[in-house]
Amino acid sequence: MPKRTTGRYERATVGGEEVAAFIPHALPPADPPIVVDAALTERIRTAEQALVRLELAGEMVPSLDWFIYAFVRKEAVLSSQIEGTQATLVDLLTFEAQEGAEPSAHPNADVEEVGNYLEALAFTRTQLADPKGLPLSMRVLNETHRLLMRGVRGAEKHPGEVRRSQNWIGGTRPGNAMYVPPPPHALGEVLSAFEKYLHADDTLPPLVRAGLLHVQFETIHPYLDGNGRIGRLLVTLLLEHWKLLTKPLLYLSLFFKRHREEYYRRLNAVRLDGDWEGWLDFFLEGVATIADEAVASARELFALVAADRTRVLAHEGMSIAALRLFELLPRHPVVTVASVMKLVETTKPTAGRATELLVAAGVLVETTGRKRDRSFVYQGYLDRLRVGTELDERGEVLRLDKTKTS
Ligand SMILES: Nc1ncnc2c1ncn2[C@@H]1O[C@H](COP(=O)(O)OP(=O)(O)OP(=O)(O)O)[C@@H](O)[C@H]1O
Ligand SMILES: [Mg+2]
């Protein structure tokens, strides 16, 4: 690993303590530049091929919507968990099934945060796809941040605004921080260099550039909070923007979560030892791993829905309303009779019957045990979807497929 300097330090005072704030050099890495040697070339090739498989899996799936939906939700739920909140997929979907009935009644801040994440992603993709929309820039990232951090918890975190105070990462106070990002007065300079590199003509492969930009973003830490989430979204957006994927199909949260210690260590090593190569190795492995897992998930979800559809079609007394409901379940795996009325656009008795038919066919399961205000879930589907997003009692990421435990 070549030793290189990736920035300079500047004395800063925070809360009466002297700290050394780090100001990163502009990308790309220099002295020496990144050498794309045989090993790195191989890593890039492996990751790119996994992305091609993912792109194809995305096209094979009859409803691309629900495929993306599942992964966006995974990322959203995982992001909240990394932050220490605990919204589960079921919480989120239950909330969504009830939403509309009483939109003001946010059950808790976690779920709100996850909803924000989805809106932020949708907004940013629309902007970037629209020739008249915002270009890829700090401005669009700020707007994404504003949507992400909206609401009670984020209010004092200055949503949508680059910080104006000194922050620090890890530790209980500035003096024992793991890392002190650039002082606020330097943010203008480092962020405009960051933006410039977003659009620079660089000979490095786009996947490598996305990896560099992620680290640079985390190193700059432009916001008071939400830097991890925006930095990961950036990768997803860049892959789409640079046409490595035509849809936002790759979410690295799970990988960073599984290897959190190594993730933080690698980020530090870029700053402390200039070890961009080590970071790229880790990052590209993450891209390949997550892409392959997404392909496997797509296949599993597809097979599950296909098998259930066969069962539903063969079920005695099946109704058109129930079939319509079944086709909507992948996007709405938690329903109530009231939400079914809206989804299928039908009367309460028809919605109730359709729901009961899918219960009888073994697709839906009632979860509340109540006589009223009942909630039904597409259990098999949720079990698949939950894989990798919830932690078991040992704090391990829940996985159904034991052979893939990492
Ligand atoms: N030593 C470090 N150097 C640079 N960046 C770091 C370091 N340790 C952590 N980070 C980055 O900081 C992020 C956390 O920052 P912040 O709390 O602002 O983001 P978040 O979106 O709220 O949280 P999270 O990423 O945990 O979901 C981590 O995800 C990681 O990307
Ligand atoms: Mg945070």
# chains A, B, ... in the order shown; residues from 1 in each chain; ligands from 1
$ residues_around --residues "Thr336 (chain A)" --least-positions-apart "6" --cutoff "9 Å" --atoms "only C-alpha atoms" --output "count of residues only"
10
$ residues_near_ligand --ligand "ligand 2" --cutoff "8 Å" --atoms "only C-alpha atoms and all ligand atoms" --output "PyMOL selection string"
chain A and resi 83+224-228
$ closest_residue --among "A:Tyr117, A:Phe302, A:Tyr179, A:Phe326" --to "ligand 1" --atoms "only C-alpha atoms and all ligand atoms"
A:Tyr179
$ closest_residue --among "A:Tyr263, A:Tyr381, A:Phe194, A:Phe123" --to "ligand 1" --atoms "only C-alpha atoms and all ligand atoms"
A:Tyr263
$ residues_around --residues "Val140 (chain A)" --least-positions-apart "4" --cutoff "8 Å" --atoms "only C-alpha atoms" --output "ChimeraX atom specification"
/A:124,127,134-136,144
$ residues_near_ligand --ligand "ligand 1" --cutoff "9 Å" --atoms "only C-alpha atoms and all ligand atoms" --output "PyMOL selection string"
chain A and resi 78-84+169-170+177-181+214-232+253+256-257+260+263-271
$ atom_distance --atom1 "CA of Arg164 (chain A)" --atom2 "CA of His185 (chain A)"
7.9 Å
$ closest_residue --among "A:Arg45, A:Trp242, A:Pro330, A:Glu277" --to "Pro33 (chain A)" --atoms "only C-alpha atoms"
A:Glu277
$ select_by_dssp --residues "region 177-321 of chain A" --states "alpha helix (DSSP H)" --output "ChimeraX atom specification"
/A:187-198,206-220,227-241,253-258,260-273,276-314,320-321
$ residues_around --residues "Leu313 (chain A)" --least-positions-apart "4" --cutoff "12 Å" --atoms "only C-alpha atoms" --output "compact mmCIF listing (two decimals) with N, CA and C atoms, in the first residue's frame"
# COMPACT_ATOMS: atom_id res chain seq x y z
N ALA A 306 -44.75 -16.42 -7.62
CA ALA A 306 -45.27 -17.29 -8.67
C ALA A 306 -45.95 -18.53 -8.08
N ALA A 307 -45.33 -19.13 -7.08
CA ALA A 307 -45.91 -20.33 -6.45
C ALA A 307 -47.22 -19.98 -5.75
N ASP A 308 -47.25 -18.85 -5.07
CA ASP A 308 -48.48 -18.43 -4.39
C ASP A 308 -49.58 -18.13 -5.38
N ARG A 309 -49.20 -17.53 -6.50
CA ARG A 309 -50.21 -17.20 -7.51
C ARG A 309 -50.89 -18.49 -8.01
N GLY A 317 -63.49 -21.25 -5.23
CA GLY A 317 -64.30 -20.07 -4.98
C GLY A 317 -63.55 -18.76 -5.07
N MET A 318 -62.36 -18.79 -5.69
CA MET A 318 -61.55 -17.57 -5.81
C MET A 318 -62.34 -16.47 -6.54
N SER A 319 -62.18 -15.22 -6.07
CA SER A 319 -62.91 -14.12 -6.71
C SER A 319 -61.96 -13.20 -7.45
N ILE A 320 -62.52 -12.41 -8.35
CA ILE A 320 -61.72 -11.44 -9.09
C ILE A 320 -61.09 -10.44 -8.13
N ALA A 322 -60.23 -10.88 -5.06
CA ALA A 322 -59.13 -11.52 -4.32
C ALA A 322 -57.89 -11.65 -5.21
N LEU A 323 -58.11 -11.96 -6.50
CA LEU A 323 -56.97 -12.05 -7.43
C LEU A 323 -56.31 -10.68 -7.59
N ARG A 324 -57.15 -9.67 -7.71
CA ARG A 324 -56.59 -8.31 -7.83
C ARG A 324 -55.80 -7.96 -6.58
N PHE A 326 -54.36 -10.02 -4.57
CA PHE A 326 -53.11 -10.78 -4.55
C PHE A 326 -52.02 -10.09 -5.35
N GLU A 327 -52.38 -9.60 -6.53
CA GLU A 327 -51.36 -8.95 -7.37
C GLU A 327 -50.83 -7.66 -6.73
N LEU A 357 -60.58 -14.87 1.58
CA LEU A 357 -60.20 -15.88 0.59
C LEU A 357 -58.68 -16.07 0.56
N LEU A 358 -57.95 -14.96 0.66
CA LEU A 358 -56.49 -15.08 0.63
C LEU A 358 -55.96 -15.67 1.94
N ALA A 361 -56.52 -19.32 1.39
CA ALA A 361 -55.55 -19.87 0.43
C ALA A 361 -54.15 -19.94 1.03
N VAL A 363 -52.24 -17.40 1.99
CA VAL A 363 -51.35 -16.31 1.59
C VAL A 363 -51.29 -15.24 2.68
$ closest_residue --among "A:Val19, A:Ala294, A:Thr41, A:Val305" --to "Pro248 (chain A)" --atoms "only C-alpha atoms"
A:Ala294
$ closest_residue --among "A:Thr346, A:Thr310, A:Thr203, A:Asn116" --to "Leu325 (chain A)" --atoms "only C-alpha atoms"
A:Thr346
$ atom_distance --atom1 "CA of Val359 (chain A)" --atom2 "CA of Val90 (chain A)"
18.1 Å
$ residues_around --residues "Arg53 (chain A)" --least-positions-apart "4" --cutoff "12 Å" --atoms "only C-alpha atoms" --output "count of residues only"
23
$ atom_distance --atom1 "CA of Asp275 (chain A)" --atom2 "CA of Glu18 (chain A)"
26.6 Å
$ decode --residues "region 271-360 of chain A" --atoms "C-alpha atoms" --output "mmCIF file, in the first residue's frame"
data_model
loop_
_atom_site.group_PDB
_atom_site.id
_atom_site.type_symbol
_atom_site.label_atom_id
_atom_site.label_comp_id
_atom_site.auth_asym_id
_atom_site.auth_seq_id
_atom_site.Cartn_x
_atom_site.Cartn_y
_atom_site.Cartn_z
ATOM 1 C CA ARG A 271 -7.207 9.726 6.230
ATOM 2 C CA LEU A 272 -4.414 8.381 8.427
ATOM 3 C CA ASP A 273 -2.409 6.279 5.954
ATOM 4 C CA GLY A 274 -3.733 7.426 2.598
ATOM 5 C CA ASP A 275 -4.934 3.878 2.046
ATOM 6 C CA TRP A 276 -7.354 4.429 -0.805
ATOM 7 C CA GLU A 277 -6.472 1.027 -2.277
ATOM 8 C CA GLY A 278 -7.549 -0.795 0.897
ATOM 9 C CA TRP A 279 -10.800 1.124 0.917
ATOM 10 C CA LEU A 280 -11.486 0.348 -2.747
ATOM 11 C CA ASP A 281 -10.872 -3.324 -2.120
ATOM 12 C CA PHE A 282 -13.482 -3.304 0.641
ATOM 13 C CA PHE A 283 -15.926 -1.126 -1.265
ATOM 14 C CA LEU A 284 -15.778 -3.168 -4.472
ATOM 15 C CA GLU A 285 -16.220 -6.377 -2.530
ATOM 16 C CA GLY A 286 -19.288 -4.774 -0.978
ATOM 17 C CA VAL A 287 -20.728 -3.857 -4.361
ATOM 18 C CA ALA A 288 -20.226 -7.394 -5.691
ATOM 19 C CA THR A 289 -21.587 -9.071 -2.572
ATOM 20 C CA ILE A 290 -24.658 -6.912 -2.272
ATOM 21 C CA ALA A 291 -25.416 -7.120 -5.989
ATOM 22 C CA ASP A 292 -25.254 -10.922 -5.893
ATOM 23 C CA GLU A 293 -27.467 -11.031 -2.837
ATOM 24 C CA ALA A 294 -29.958 -8.743 -4.513
ATOM 25 C CA VAL A 295 -30.049 -11.080 -7.508
ATOM 26 C CA ALA A 296 -30.702 -14.038 -5.216
ATOM 27 C CA SER A 297 -33.432 -12.101 -3.413
ATOM 28 C CA ALA A 298 -35.073 -11.157 -6.676
ATOM 29 C CA ARG A 299 -35.162 -14.796 -7.717
ATOM 30 C CA GLU A 300 -36.539 -15.933 -4.362
ATOM 31 C CA LEU A 301 -39.232 -13.293 -4.218
ATOM 32 C CA PHE A 302 -40.197 -13.992 -7.779
ATOM 33 C CA ALA A 303 -40.434 -17.747 -7.187
ATOM 34 C CA LEU A 304 -42.450 -17.227 -4.036
ATOM 35 C CA VAL A 305 -44.993 -14.947 -5.686
ATOM 36 C CA ALA A 306 -45.270 -17.294 -8.673
ATOM 37 C CA ALA A 307 -45.912 -20.333 -6.452
ATOM 38 C CA ASP A 308 -48.477 -18.435 -4.387
ATOM 39 C CA ARG A 309 -50.211 -17.204 -7.510
ATOM 40 C CA THR A 310 -50.627 -20.798 -8.691
ATOM 41 C CA ARG A 311 -52.104 -21.719 -5.321
ATOM 42 C CA VAL A 312 -54.462 -18.739 -5.307
ATOM 43 C CA LEU A 313 -55.682 -19.481 -8.825
ATOM 44 C CA ALA A 314 -56.378 -23.084 -7.900
ATOM 45 C CA HIS A 315 -58.227 -22.197 -4.712
ATOM 46 C CA GLU A 316 -61.927 -22.983 -4.696
ATOM 47 C CA GLY A 317 -64.304 -20.069 -4.982
ATOM 48 C CA MET A 318 -61.552 -17.567 -5.808
ATOM 49 C CA SER A 319 -62.913 -14.120 -6.705
ATOM 50 C CA ILE A 320 -61.718 -11.435 -9.093
ATOM 51 C CA ALA A 321 -61.331 -9.027 -6.174
ATOM 52 C CA ALA A 322 -59.129 -11.524 -4.324
ATOM 53 C CA LEU A 323 -56.971 -12.046 -7.425
ATOM 54 C CA ARG A 324 -56.590 -8.307 -7.829
ATOM 55 C CA LEU A 325 -55.676 -8.024 -4.186
ATOM 56 C CA PHE A 326 -53.114 -10.782 -4.552
ATOM 57 C CA GLU A 327 -51.364 -8.951 -7.367
ATOM 58 C CA LEU A 328 -51.171 -5.840 -5.194
ATOM 59 C CA LEU A 329 -49.758 -7.617 -2.145
ATOM 60 C CA PRO A 330 -46.078 -7.443 -3.114
ATOM 61 C CA ARG A 331 -46.339 -3.671 -2.930
ATOM 62 C CA HIS A 332 -48.670 -3.700 0.051
ATOM 63 C CA PRO A 333 -47.819 -6.783 2.089
ATOM 64 C CA VAL A 334 -49.669 -5.535 5.149
ATOM 65 C CA VAL A 335 -53.356 -4.713 4.660
ATOM 66 C CA THR A 336 -56.513 -3.985 6.585
ATOM 67 C CA VAL A 337 -60.017 -4.367 5.216
ATOM 68 C CA ALA A 338 -60.142 -0.584 4.924
ATOM 69 C CA SER A 339 -56.916 -0.464 2.929
ATOM 70 C CA VAL A 340 -58.130 -3.322 0.714
ATOM 71 C CA MET A 341 -61.275 -1.308 -0.060
ATOM 72 C CA LYS A 342 -59.053 1.457 -1.385
ATOM 73 C CA LEU A 343 -56.532 -0.755 -3.147
ATOM 74 C CA VAL A 344 -59.094 -2.852 -4.969
ATOM 75 C CA GLU A 345 -61.595 -0.006 -5.186
ATOM 76 C CA THR A 346 -64.441 -2.025 -3.851
ATOM 77 C CA THR A 347 -67.066 -2.212 -1.118
ATOM 78 C CA LYS A 348 -66.375 -3.286 2.414
ATOM 79 C CA PRO A 349 -68.100 -6.709 2.095
ATOM 80 C CA THR A 350 -66.187 -7.504 -1.110
ATOM 81 C CA ALA A 351 -62.917 -6.372 0.440
ATOM 82 C CA GLY A 352 -63.623 -8.481 3.523
ATOM 83 C CA ARG A 353 -64.382 -11.533 1.403
ATOM 84 C CA ALA A 354 -61.304 -11.077 -0.764
ATOM 85 C CA THR A 355 -59.161 -10.861 2.353
ATOM 86 C CA GLU A 356 -60.732 -13.995 3.830
ATOM 87 C CA LEU A 357 -60.201 -15.881 0.587
ATOM 88 C CA LEU A 358 -56.487 -15.081 0.632
ATOM 89 C CA VAL A 359 -56.350 -16.171 4.275
ATOM 90 C CA ALA A 360 -58.012 -19.435 3.300
#
